[in-house]
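Engineer: Got a structure for you, protein-v6.tsv, holding TSV, C-alpha atoms and all ligand atoms.
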```tsv
chain	number	residue	atom	x	y	z
R	1	MET	CA	-12.68	34.15	25.27
R	2	LYS	CA	-9.64	32.12	24.17
R	3	LYS	CA	-8.70	32.66	20.52
R	4	LEU	CA	-8.90	29.00	19.57
R	5	LEU	CA	-12.40	28.68	21.01
R	6	ARG	CA	-13.58	31.84	19.24
R	7	VAL	CA	-12.45	30.40	15.90
R	8	LEU	CA	-14.13	27.09	16.67
R	9	GLN	CA	-17.35	29.02	17.27
R	10	GLY	CA	-17.10	30.46	13.78
R	11	GLU	CA	-15.17	33.73	14.21
R	12	ALA	CA	-12.35	34.76	11.83
R	13	ILE	CA	-9.34	36.21	13.71
R	14	THR	CA	-6.24	37.99	12.34
R	15	PRO	CA	-3.60	36.87	13.10
R	16	PRO	CA	-5.08	33.38	13.49
R	17	PRO	CA	-4.40	31.23	16.55
R	18	VAL	CA	-1.54	28.78	16.04
R	19	TRP	CA	-0.34	25.48	17.52
R	20	LEU	CA	1.55	22.58	15.95
R	21	MET	CA	0.68	18.90	15.93
R	22	ARG	CA	3.28	16.98	17.98
R	23	GLN	CA	4.55	20.31	19.33
R	24	ALA	CA	5.88	18.53	22.44
R	25	GLY	CA	8.65	16.20	21.35
R	26	ARG	CA	12.13	15.43	20.16
R	27	TYR	CA	12.88	18.71	18.32
R	28	LEU	CA	12.95	20.37	21.78
R	29	PRO	CA	16.21	19.98	23.79
R	30	GLU	CA	14.22	20.28	27.04
R	31	TYR	CA	12.07	17.30	25.94
R	32	ARG	CA	15.13	15.21	25.07
R	33	ALA	CA	16.58	15.97	28.52
R	34	LEU	CA	13.43	14.77	30.35
R	35	ARG	CA	13.10	11.78	28.02
R	36	GLN	CA	16.56	10.56	29.12
R	37	GLN	CA	15.49	10.62	32.76
R	38	ALA	CA	12.47	8.37	32.20
R	39	ASN	CA	12.49	4.62	31.68
R	40	GLY	CA	10.81	4.83	28.34
R	41	PHE	CA	8.30	6.80	26.32
R	42	LEU	CA	5.20	5.17	27.89
R	43	ASP	CA	6.58	5.95	31.35
R	44	LEU	CA	6.55	9.62	30.40
R	45	CYS	CA	2.94	9.34	29.26
R	46	TYR	CA	1.88	7.73	32.57
R	47	ASN	CA	3.78	10.16	34.81
R	48	PRO	CA	1.45	13.16	35.26
R	49	GLN	CA	4.16	15.39	36.68
R	50	LEU	CA	6.56	14.81	33.76
R	51	ALA	CA	3.75	14.75	31.17
R	52	CYS	CA	2.49	18.10	32.53
R	53	GLU	CA	5.97	19.60	32.24
R	54	ILE	CA	6.36	18.29	28.65
R	55	THR	CA	2.91	19.60	27.69
R	56	LEU	CA	3.93	23.07	28.87
R	57	GLN	CA	7.45	23.14	27.34
R	58	PRO	CA	6.50	24.23	23.80
R	59	VAL	CA	3.94	26.74	25.10
R	60	ARG	CA	6.52	28.38	27.36
R	61	ARG	CA	9.15	28.53	24.65
R	62	PHE	CA	6.97	29.73	21.76
R	63	GLY	CA	3.74	31.10	23.24
R	64	PHE	CA	1.46	28.86	21.17
R	65	ASP	CA	-2.27	29.57	21.48
R	66	ALA	CA	-2.92	26.00	22.64
R	67	ALA	CA	-1.26	23.27	24.66
R	68	ILE	CA	-1.96	19.64	23.71
R	69	LEU	CA	-1.96	16.90	26.32
R	70	PHE	CA	1.30	14.94	26.20
R	71	SER	CA	0.43	11.27	25.70
R	72	ASP	CA	-0.01	8.94	22.72
R	73	ILE	CA	-2.89	7.43	20.77
R	74	LEU	CA	-1.68	3.92	21.67
R	75	VAL	CA	-2.45	4.29	25.39
R	76	VAL	CA	-6.01	3.21	24.49
R	77	PRO	CA	-5.09	-0.30	23.23
R	78	HIS	CA	-2.63	-0.49	26.14
R	79	ALA	CA	-5.53	0.21	28.53
R	80	LEU	CA	-7.48	-2.60	26.81
R	81	GLY	CA	-4.74	-5.04	27.80
R	82	VAL	CA	-2.68	-5.10	24.59
R	83	ASP	CA	1.09	-5.37	24.98
R	84	VAL	CA	2.40	-2.01	23.63
R	85	ARG	CA	6.08	-1.00	23.51
R	86	PHE	CA	8.06	1.83	22.05
R	87	GLU	CA	11.57	0.84	21.09
R	88	GLU	CA	14.20	3.48	20.44
R	89	GLY	CA	14.24	4.42	16.76
R	90	LYS	CA	11.71	1.72	15.82
R	91	GLY	CA	8.33	3.27	16.52
R	92	PRO	CA	5.54	1.40	18.28
R	93	LEU	CA	5.38	-2.40	18.60
R	94	LEU	CA	2.14	-4.13	19.64
R	95	ALA	CA	1.07	-7.75	20.02
R	96	PRO	CA	-0.93	-8.11	16.76
R	97	LEU	CA	-4.63	-8.96	16.99
R	98	ALA	CA	-5.57	-12.07	14.98
R	99	PRO	CA	-9.01	-12.16	13.27
R	100	GLU	CA	-9.98	-15.37	15.10
R	101	ASP	CA	-9.24	-13.76	18.49
R	102	THR	CA	-11.19	-10.56	17.83
R	103	ALA	CA	-14.66	-11.61	19.04
R	104	TYR	CA	-13.23	-12.92	22.32
R	105	PHE	CA	-10.90	-9.93	22.74
R	106	THR	CA	-13.61	-7.31	22.18
R	107	GLN	CA	-16.11	-9.07	24.45
R	108	LYS	CA	-13.58	-9.45	27.29
R	109	ALA	CA	-12.45	-5.87	26.84
R	110	ARG	CA	-16.06	-4.65	27.16
R	111	GLU	CA	-16.59	-6.70	30.33
R	112	ASN	CA	-13.39	-5.44	31.94
R	113	ILE	CA	-13.36	-1.86	30.72
R	114	SER	CA	-11.77	0.44	33.22
R	115	LEU	CA	-10.40	3.86	32.49
R	116	GLU	CA	-7.96	3.34	35.39
R	117	ARG	CA	-4.94	3.03	33.13
R	118	LEU	CA	-5.95	6.20	31.35
R	119	SER	CA	-6.40	8.20	34.53
R	120	ALA	CA	-2.81	9.50	34.27
R	121	SER	CA	-4.00	11.65	31.33
R	122	PHE	CA	-6.79	13.10	33.46
R	123	GLU	CA	-4.28	13.96	36.20
R	124	THR	CA	-1.94	15.53	33.64
R	125	ILE	CA	-4.79	17.70	32.38
R	126	HIS	CA	-5.63	18.82	35.94
R	127	ALA	CA	-2.00	19.76	36.54
R	128	VAL	CA	-1.59	21.60	33.20
R	129	LYS	CA	-4.81	23.52	33.73
R	130	LYS	CA	-3.44	24.98	36.97
R	131	GLN	CA	-0.40	26.43	35.23
R	132	LEU	CA	-1.79	27.42	31.85
R	133	ALA	CA	-2.38	31.12	31.04
R	134	SER	CA	-6.06	31.96	30.80
R	135	ASN	CA	-5.81	32.80	27.07
R	136	THR	CA	-4.20	29.46	26.13
R	137	SER	CA	-6.50	26.56	25.23
R	138	LEU	CA	-5.89	23.01	26.36
R	139	ILE	CA	-6.49	20.31	23.74
R	140	GLY	CA	-7.21	16.71	24.70
R	141	PHE	CA	-6.92	13.97	22.07
R	142	CYS	CA	-7.16	10.34	21.08
R	143	GLY	CA	-6.66	8.28	17.94
R	144	ALA	CA	-9.62	7.56	15.69
R	145	PRO	CA	-10.81	3.93	15.83
R	146	TRP	CA	-9.52	3.12	12.32
R	147	THR	CA	-6.00	4.48	12.93
R	148	VAL	CA	-5.71	2.72	16.31
R	149	ALA	CA	-7.06	-0.50	14.72
R	150	THR	CA	-4.35	-0.35	12.01
R	151	TYR	CA	-1.64	-0.50	14.69
R	152	MET	CA	-3.48	-3.22	16.65
R	153	ILE	CA	-3.78	-5.41	13.55
R	154	ALA	CA	-0.30	-4.94	12.01
R	155	GLY	CA	1.47	-4.71	15.38
R	156	HIS	CA	3.66	-1.91	14.01
R	157	GLY	CA	3.58	1.05	11.63
R	158	THR	CA	3.38	0.33	7.87
R	159	VAL	CA	3.38	2.54	4.78
R	160	ASP	CA	-0.07	1.61	3.47
R	161	GLN	CA	-1.81	-0.29	6.28
R	162	ALA	CA	-2.15	-3.37	4.03
R	163	PRO	CA	-2.65	-5.75	7.01
R	164	ALA	CA	-5.62	-3.73	8.34
R	165	ARG	CA	-7.16	-3.34	4.87
R	166	ALA	CA	-6.83	-7.08	4.20
R	167	PHE	CA	-8.39	-7.77	7.63
R	168	LEU	CA	-11.29	-5.45	6.77
R	169	TYR	CA	-12.04	-7.17	3.44
R	170	ARG	CA	-11.73	-10.71	4.78
R	171	TYR	CA	-13.28	-10.23	8.22
R	172	PRO	CA	-15.72	-7.28	8.03
R	173	HIS	CA	-17.69	-8.48	11.06
R	174	GLU	CA	-14.58	-8.70	13.27
R	175	MET	CA	-13.45	-5.27	12.06
R	176	GLN	CA	-16.85	-3.87	13.03
R	177	LEU	CA	-16.56	-5.34	16.55
R	178	LEU	CA	-13.12	-3.78	16.94
R	179	LEU	CA	-14.12	-0.33	15.60
R	180	ASP	CA	-17.25	-0.24	17.79
R	181	LEU	CA	-15.21	-1.10	20.89
R	182	LEU	CA	-12.56	1.52	20.10
R	183	ALA	CA	-15.21	4.16	19.35
R	184	ASP	CA	-16.93	3.64	22.72
R	185	VAL	CA	-13.75	3.49	24.80
R	186	SER	CA	-12.17	6.43	22.96
R	187	ALA	CA	-15.30	8.57	23.36
R	188	ASP	CA	-15.37	7.81	27.11
R	189	TYR	CA	-11.66	8.64	27.28
R	190	LEU	CA	-12.30	12.04	25.65
R	191	ILE	CA	-15.25	12.62	27.99
R	192	GLY	CA	-12.86	12.00	30.91
R	193	GLN	CA	-10.39	14.48	29.42
R	194	ILE	CA	-13.10	17.13	29.07
R	195	GLU	CA	-14.24	16.51	32.66
R	196	ALA	CA	-10.61	17.00	33.75
R	197	GLY	CA	-10.43	20.37	31.98
R	198	ALA	CA	-9.71	19.98	28.24
R	199	ASP	CA	-11.27	22.91	26.35
R	200	VAL	CA	-11.22	21.18	22.96
R	201	VAL	CA	-10.58	17.61	21.78
R	202	GLN	CA	-8.92	16.40	18.59
R	203	ILE	CA	-9.38	12.97	17.01
R	204	PHE	CA	-6.31	11.86	14.99
R	205	ASP	CA	-7.18	9.67	12.00
R	206	SER	CA	-3.70	9.65	10.50
R	207	TRP	CA	-4.47	6.66	8.25
R	208	ALA	CA	-7.87	7.71	6.88
R	209	GLY	CA	-6.21	8.30	3.50
R	210	VAL	CA	-5.61	4.61	2.67
R	211	LEU	CA	-9.35	3.78	2.53
R	212	ASP	CA	-11.45	3.38	-0.63
R	213	GLU	CA	-14.92	4.92	-0.84
R	214	PRO	CA	-17.06	2.25	0.87
R	215	SER	CA	-14.36	1.56	3.49
R	216	PHE	CA	-13.98	5.27	4.20
R	217	ALA	CA	-17.69	5.37	5.03
R	218	THR	CA	-17.61	2.35	7.37
R	219	CYS	CA	-14.15	2.77	8.94
R	220	ALA	CA	-13.43	6.51	8.98
R	221	ILE	CA	-16.86	8.20	9.05
R	222	ALA	CA	-19.15	5.83	10.99
R	223	PRO	CA	-16.93	5.25	14.07
R	224	VAL	CA	-16.17	8.98	14.43
R	225	ARG	CA	-19.87	9.82	14.06
R	226	ARG	CA	-20.54	7.31	16.85
R	227	MET	CA	-17.90	9.00	19.02
R	228	VAL	CA	-19.24	12.49	18.34
R	229	ALA	CA	-22.77	11.40	19.32
R	230	ARG	CA	-21.55	9.85	22.57
R	231	ILE	CA	-19.43	12.87	23.53
R	232	ARG	CA	-22.21	15.36	22.67
R	233	LEU	CA	-24.67	13.59	25.00
R	234	ARG	CA	-22.38	14.58	27.87
R	235	PHE	CA	-20.70	17.74	26.54
R	236	PRO	CA	-22.81	19.28	23.77
R	237	HIS	CA	-20.67	22.43	23.55
R	238	THR	CA	-17.07	21.18	23.65
R	239	PRO	CA	-15.58	21.59	20.15
R	240	ILE	CA	-14.30	18.47	18.41
R	241	ILE	CA	-11.58	18.76	15.72
R	242	ALA	CA	-10.90	15.79	13.44
R	243	PHE	CA	-7.65	15.33	11.55
R	244	ALA	CA	-8.47	12.76	8.85
R	245	ARG	CA	-5.15	12.78	7.02
R	246	GLY	CA	-5.43	12.16	3.30
R	247	ALA	CA	-9.25	12.32	3.22
R	248	GLY	CA	-8.95	14.25	-0.08
R	249	LEU	CA	-12.26	14.43	-1.90
R	250	PHE	CA	-14.03	12.90	1.14
R	251	TYR	CA	-13.38	15.89	3.45
R	252	GLN	CA	-16.78	17.52	2.77
R	253	THR	CA	-18.79	14.34	3.37
R	254	TYR	CA	-16.61	13.61	6.37
R	255	ALA	CA	-17.44	16.94	8.01
R	256	SER	CA	-21.16	16.78	7.32
R	257	GLN	CA	-21.63	13.11	8.25
R	258	THR	CA	-19.46	12.93	11.38
R	259	GLY	CA	-20.71	16.28	12.72
R	260	VAL	CA	-17.27	17.36	14.00
R	261	ASN	CA	-16.83	21.10	14.58
R	262	ALA	CA	-13.66	21.60	12.57
R	263	LEU	CA	-11.39	19.83	10.08
R	264	GLY	CA	-7.62	19.43	10.37
R	265	LEU	CA	-6.22	19.40	6.82
R	266	ASP	CA	-3.09	17.67	5.49
R	267	TRP	CA	-0.69	19.58	3.22
R	268	ALA	CA	-1.93	17.95	0.01
R	269	VAL	CA	-5.24	19.83	0.28
R	270	PRO	CA	-5.27	22.71	-2.29
R	271	LEU	CA	-5.89	26.09	-0.62
R	272	SER	CA	-8.82	26.81	-2.97
R	273	PHE	CA	-10.49	23.58	-1.79
R	274	ALA	CA	-9.63	24.42	1.85
R	275	ALA	CA	-11.38	27.79	1.38
R	276	CYS	CA	-14.48	25.96	0.09
R	277	LEU	CA	-14.44	23.74	3.18
R	278	GLN	CA	-14.49	26.90	5.32
R	279	GLU	CA	-18.03	27.53	4.04
R	280	GLN	CA	-18.91	24.37	5.99
R	281	CYS	CA	-16.77	24.66	9.13
R	282	PRO	CA	-13.53	26.13	10.54
R	283	VAL	CA	-10.36	24.52	9.18
R	284	GLN	CA	-6.91	23.94	10.68
R	285	GLY	CA	-3.64	23.37	8.82
R	286	ASN	CA	-1.85	22.77	6.53
R	287	LEU	CA	1.85	23.67	6.16
R	288	ASP	CA	4.07	20.81	4.96
R	289	PRO	CA	6.28	19.98	8.02
R	290	LEU	CA	9.27	19.70	5.67
R	291	ARG	CA	8.89	23.39	4.75
R	292	LEU	CA	9.40	24.15	8.44
R	293	VAL	CA	12.54	22.01	8.38
R	294	ALA	CA	13.81	23.77	5.22
R	295	GLY	CA	13.04	27.33	6.37
R	296	GLY	CA	13.80	30.37	4.17
R	297	LYS	CA	11.59	31.04	1.16
R	298	ALA	CA	10.19	27.50	1.17
R	299	LEU	CA	8.68	28.41	4.53
R	300	SER	CA	7.74	32.07	4.10
R	301	GLN	CA	6.04	31.71	0.71
R	302	SER	CA	3.85	28.85	1.84
R	303	VAL	CA	2.92	30.55	5.14
R	304	GLN	CA	1.91	33.70	3.26
R	305	ALA	CA	-0.14	31.73	0.73
R	306	ILE	CA	-1.95	29.84	3.51
R	307	LEU	CA	-2.72	33.03	5.46
R	308	GLN	CA	-3.91	34.86	2.38
R	309	ALA	CA	-6.21	32.04	1.32
R	310	LEU	CA	-7.67	31.10	4.71
R	311	GLU	CA	-7.44	33.76	7.41
R	312	LYS	CA	-10.50	35.74	6.32
R	313	LYS	CA	-12.71	32.85	7.42
R	314	PRO	CA	-12.49	30.77	10.64
R	315	PHE	CA	-8.95	29.36	10.58
R	316	ILE	CA	-6.36	27.83	12.94
R	317	PHE	CA	-2.76	27.77	11.73
R	318	ASN	CA	-1.07	24.37	12.06
R	319	LEU	CA	1.09	21.92	10.14
R	320	GLY	CA	-0.37	19.37	7.73
R	321	HIS	CA	1.02	16.58	9.97
R	322	GLY	CA	3.26	16.36	13.06
R	323	ILE	CA	6.42	18.46	13.47
R	324	LEU	CA	9.58	16.51	12.52
R	325	PRO	CA	12.35	15.84	15.08
R	326	GLN	CA	14.99	17.54	12.89
R	327	THR	CA	13.10	20.88	12.83
R	328	PRO	CA	15.38	23.80	13.83
R	329	LEU	CA	14.02	25.84	16.75
R	330	SER	CA	14.82	29.08	14.91
R	331	HIS	CA	12.45	28.05	12.10
R	332	VAL	CA	9.58	27.66	14.55
R	333	GLU	CA	10.35	31.20	15.79
R	334	GLN	CA	10.37	32.45	12.18
R	335	LEU	CA	7.04	30.75	11.56
R	336	LEU	CA	5.46	32.55	14.51
R	337	ASP	CA	6.94	35.89	13.37
R	338	LEU	CA	5.54	35.34	9.87
R	339	ILE	CA	2.08	34.74	11.33
R	340	ARG	CA	2.06	37.35	14.10
R	341	ASP	CA	4.38	40.23	13.11
R	342	ARG	CA	2.84	41.65	9.96
L	401	LIG	O1	1.04	16.70	19.75
L	401	LIG	C1	1.63	16.54	20.83
L	401	LIG	O2	2.64	17.19	21.15
L	401	LIG	C2	1.04	15.59	21.84
L	401	LIG	C3	1.64	14.29	21.89
L	401	LIG	C4	1.42	13.25	20.81
L	401	LIG	C5	2.33	12.19	20.62
L	401	LIG	N1	1.79	11.31	19.72
L	401	LIG	C6	3.63	12.05	21.31
L	401	LIG	C7	4.67	11.15	20.77
L	401	LIG	C8	0.35	13.02	19.94
L	401	LIG	C9	-0.89	13.88	19.69
L	401	LIG	C10	0.60	11.80	19.28
L	401	LIG	C11	-0.34	11.21	18.29
L	401	LIG	C12	0.04	10.00	17.57
L	401	LIG	N2	0.79	8.95	18.01
L	401	LIG	C13	-0.43	9.67	16.28
L	401	LIG	C14	-1.38	10.51	15.45
L	401	LIG	C15	-0.71	11.68	14.83
L	401	LIG	C16	0.34	11.36	13.81
L	401	LIG	O3	1.47	11.83	14.03
L	401	LIG	O4	0.05	10.67	12.83
L	401	LIG	C17	0.11	8.43	15.92
L	401	LIG	C18	-0.10	7.68	14.62
L	401	LIG	C19	0.87	7.97	17.04
L	401	LIG	C20	1.59	6.67	17.20
L	401	LIG	C21	3.02	6.88	17.38
L	401	LIG	N3	3.61	7.38	18.52
L	401	LIG	C22	4.05	6.60	16.45
L	401	LIG	C23	3.83	6.05	15.06
L	401	LIG	C24	5.25	6.94	17.07
L	401	LIG	C25	6.63	6.70	16.52
L	401	LIG	C26	6.98	7.68	15.48
L	401	LIG	C27	7.82	8.74	16.10
L	401	LIG	O5	7.54	9.92	15.84
L	401	LIG	O6	8.77	8.37	16.82
L	401	LIG	C28	4.97	7.48	18.36
L	401	LIG	C29	5.93	7.97	19.36
L	401	LIG	C30	5.71	9.35	19.91
L	401	LIG	N4	4.49	9.89	20.23
L	401	LIG	C31	6.73	10.29	20.25
L	401	LIG	C32	6.08	11.42	20.80
L	401	LIG	C33	6.72	12.65	21.38
L	401	LIG	C34	8.24	10.05	20.12
L	401	LIG	C35	8.64	9.18	21.26
L	401	LIG	C36	10.03	9.40	21.74
L	401	LIG	O7	10.28	10.38	22.45
L	401	LIG	O8	10.86	8.55	21.41
```
Would you mind writing the structure in this file as C-alpha cells?

Structural biologist:
Amino acid sequence: MKKLLRVLQGEAITPPPVWLMRQAGRYLPEYRALRQQANGFLDLCYNPQLACEITLQPVRRFGFDAAILFSDILVVPHALGVDVRFEEGKGPLLAPLAPEDTAYFTQKARENISLERLSASFETIHAVKKQLASNTSLIGFCGAPWTVATYMIAGHGTVDQAPARAFLYRYPHEMQLLLDLLADVSADYLIGQIEAGADVVQIFDSWAGVLDEPSFATCAIAPVRRMVARIRLRFPHTPIIAFARGAGLFYQTYASQTGVNALGLDWAVPLSFAACLQEQCPVQGNLDPLRLVAGGKALSQSVQAILQALEKKPFIFNLGHGILPQTPLSHVEQLLDLIRDR
C-alpha cells in the first residue's frame, strides 16, 4: 500500500512519507514557464491538461510521496457565481458579500448549485491518476468553510480577518447560512474528487487561528464536522486530513469533534504537544517554511528535531504552511536527503 495511506491508517514508517503544501508553484522554474503561457492563474486551474502537468512537476523533480491537485480554494466561491480574480502580485480579489445580501445569495446558490464549473478539477484528477506511479498518493483538497468565507466577506486577504470576525459577531445568522452552504458544496466537491480518483483529501483552514473559543466551535469545528459526516456517508474509508492553522490549544478538541483522520500542524506547535496529539491521530507537519528558505543549520537542526520527536508514531513530513516562492530548489533537495538518507 502507498506510504501516505499506511500512515493515515495508523502505521509509523521510517523514513516518513513527505510532501509539501503548495508544492506546485512559483518556486519551480517549470511552473513559472507554464504560468506565462496561460491567460491567468484561474485559467491554469480550469485547464485540466496544464493543471495535470503542474500537479506532476514537483513529483517528477523531487519524488514526493504525494501529488496534490493543482487548483485553488477560491474555485468554490467562483463556482457559486462570485466574481473572483487573481491579479499579479496582489493575491485574490473577490466581490465582497454584504450581510444584507447573504440570505438571498445563499438561497439562490442552493437552487442553482452545479458542480459544472468544478468539473475541471475532476478531469485533472483523472489525467494525473493515469500518469502517477502506483506508490504515490494523490491528494484532493478544498478550503474549509470559515477560511473561504473570510475571503468572500473581505473580498481580499487580510492579516487578521477582522471583516469576517465583525460579520460573525454582528450577523451570526447570516454567517451560519454562509458556512452551511460552503460546507455542503465543499463536501460534494471533495466527494467528486474522490470519485475521480483522489486517494486522500485535505481541508485547508488557514484562518482557523483568528477565532476565539466560542467562534472556533461554531466556525471551525461545526462546519468541518458537517463536511466529514457528508463525505463519510459516501466514502467511509477515504482519509481526511485537516490543516487548521493556528488552532493551538484547540487542536485536540478539533480532532475529536470533527472526526478527521489526521491533523496538519503549523510550525508554532511545540513538538512535545505534537507527540501528544499523535496518541489521538496521525499528524503532518510542521517545519517553518522560512527554515527551508534559509537552509543550512536552520534547516537541518529543525528537520532532525521534528523526525526525532514524531517519526516513531504515525507521521507525515510537511511544512507548517505553504512553501514560499523564494525557496531555493537545492534546499528542497537537501530537505529530502535529510529525511531519506540517514
Ligand atoms: O499545494 C499545492 O501545490 C496545490 C495548489 C494550491 C494552491 N493554492 C495554488 C496557488 C493549494 C492547495 C492552494 C490553497 C490555498 N489557496 C489556500 C490554503 C492554504 C494556504 O496557503 O493558506 C489559500 C488561503 C488560498 C488562496 C490563495 N491563492 C491566495 C491567498 C493566493 C495568493 C497568495 C500567493 O501565494 O500568491 C493564491 C494564489 C495561488 N494559489 C498561487 C498558487 C500556485 C500563486 C498564483 C500564481 O501563480 O500567481

Engineer: One decimal, Å: what's the distance from atom C3 of ligand LIG 401 (chain L) over to CA of Pro17 (chain R), could you say?

Structural biologist: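 If I compute the distance from atom C3 of ligand LIG 401 (chain L) to CA of Pro17 (chain R), I get 18.8 Å.
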
Engineer: Between R:Ala187, R:Ala305, R:Val7, R:Met152, which is the closest to Met175 (chain R) once you count only C-alpha atoms?

Structural biologist: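 Selected residue with least distance to Met175 (chain R): R:Met152.
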
Engineer: Kindly indicate which residue among R:Ser186, R:Gln57, R:Ser137, R:Ser256 lies nearest to Pro29 (chain R), using only C-alpha atoms for the distances.

Structural biologist: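 Smallest separation from Pro29 (chain R) among the options: R:Gln57.
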
Engineer: Throw together the list of residues within 8 Å of ligand LIG 401 (chain L), counting only C-alpha atoms and all ligand atoms, and drop it here as a ChimeraX atom specification.

Structural biologist: /R:20-26,31-32,35,40-41,55,68-74,86-92,141-143,147-148,157,204-207,321-322,324-325

Engineer: Measuring between all atoms listed in the file, which one of R:Pro270, R:Pro223, R:Pro77, R:Pro172 shows the shortest distance to Ile306 (chain R)?

Structural biologist: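 Ranking R:Pro270, R:Pro223, R:Pro77, R:Pro172 by distance to Ile306 (chain R), first place goes to R:Pro270.
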
Engineer: Produce the centre coordinates and the three edge lengths, each in Å to one decimal, of the box along x, y and z that contains all listed atoms of region 87-96 of chain R with 5 Å added on each side, as JSON.

Structural biologist:
```
{"center_x": 6.7, "center_y": -1.8, "center_z": 18.5, "size_x": 25.2, "size_y": 22.5, "size_z": 15.3}
```

Engineer: Which is closest to Ala262 (chain R) among R:Val84, R:Val293, R:Ala154, R:Leu4, if we use all atoms listed in the file?

Structural biologist: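 Closest residue, counting all atoms listed in the file: R:Leu4.
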
Engineer: CA of Pro314 (chain R) to CA of Cys281 (chain R): how many Å, to one decimal?

Structural biologist: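 Going from CA of Pro314 (chain R) over to CA of Cys281 (chain R), I get 7.6 Å.
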
Engineer: Could you check how far CA of Gly140 (chain R) sits from CA of Asp341 (chain R), in Å to one decimal?

Structural biologist: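 The value is 28.7 Å.
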
Engineer: Between R:Leu56, R:Leu179, R:Arg170, R:Asn47, which is the closest to Thr106 (chain R) once you count only C-alpha atoms?

Structural biologist: R:Leu179

Engineer: Can you pull out every residue within 10 Å of Gln280 (chain R), counting all atoms listed in the file, but drop anything in the same chain fewer than 5 positions away, and send it as a list in words?

Structural biologist: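 Final neighbour list, sorted by chain and number: Gln252, Ala255, Ser256, Asn261, Ala262, Leu263 and Ala275 of chain R.
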
Engineer: Restricting the calculation to all atoms listed in the file: of R:Asn112, R:Arg232, R:Arg85, R:Ala217, which residue gets closest to Tyr151 (chain R)?

Structural biologist: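 The shortest atom-to-atom distance to Tyr151 (chain R) comes from R:Arg85.
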
Engineer: Neighbouring residues of Phe235 (chain R) were defined as those with any atom within 10 Å, considering only C-alpha atoms; residues of the same chain fewer than 6 positions away were excluded. Please report them as a PyMOL selection string.

Structural biologist: chain R and resi 191+194-195+228-229
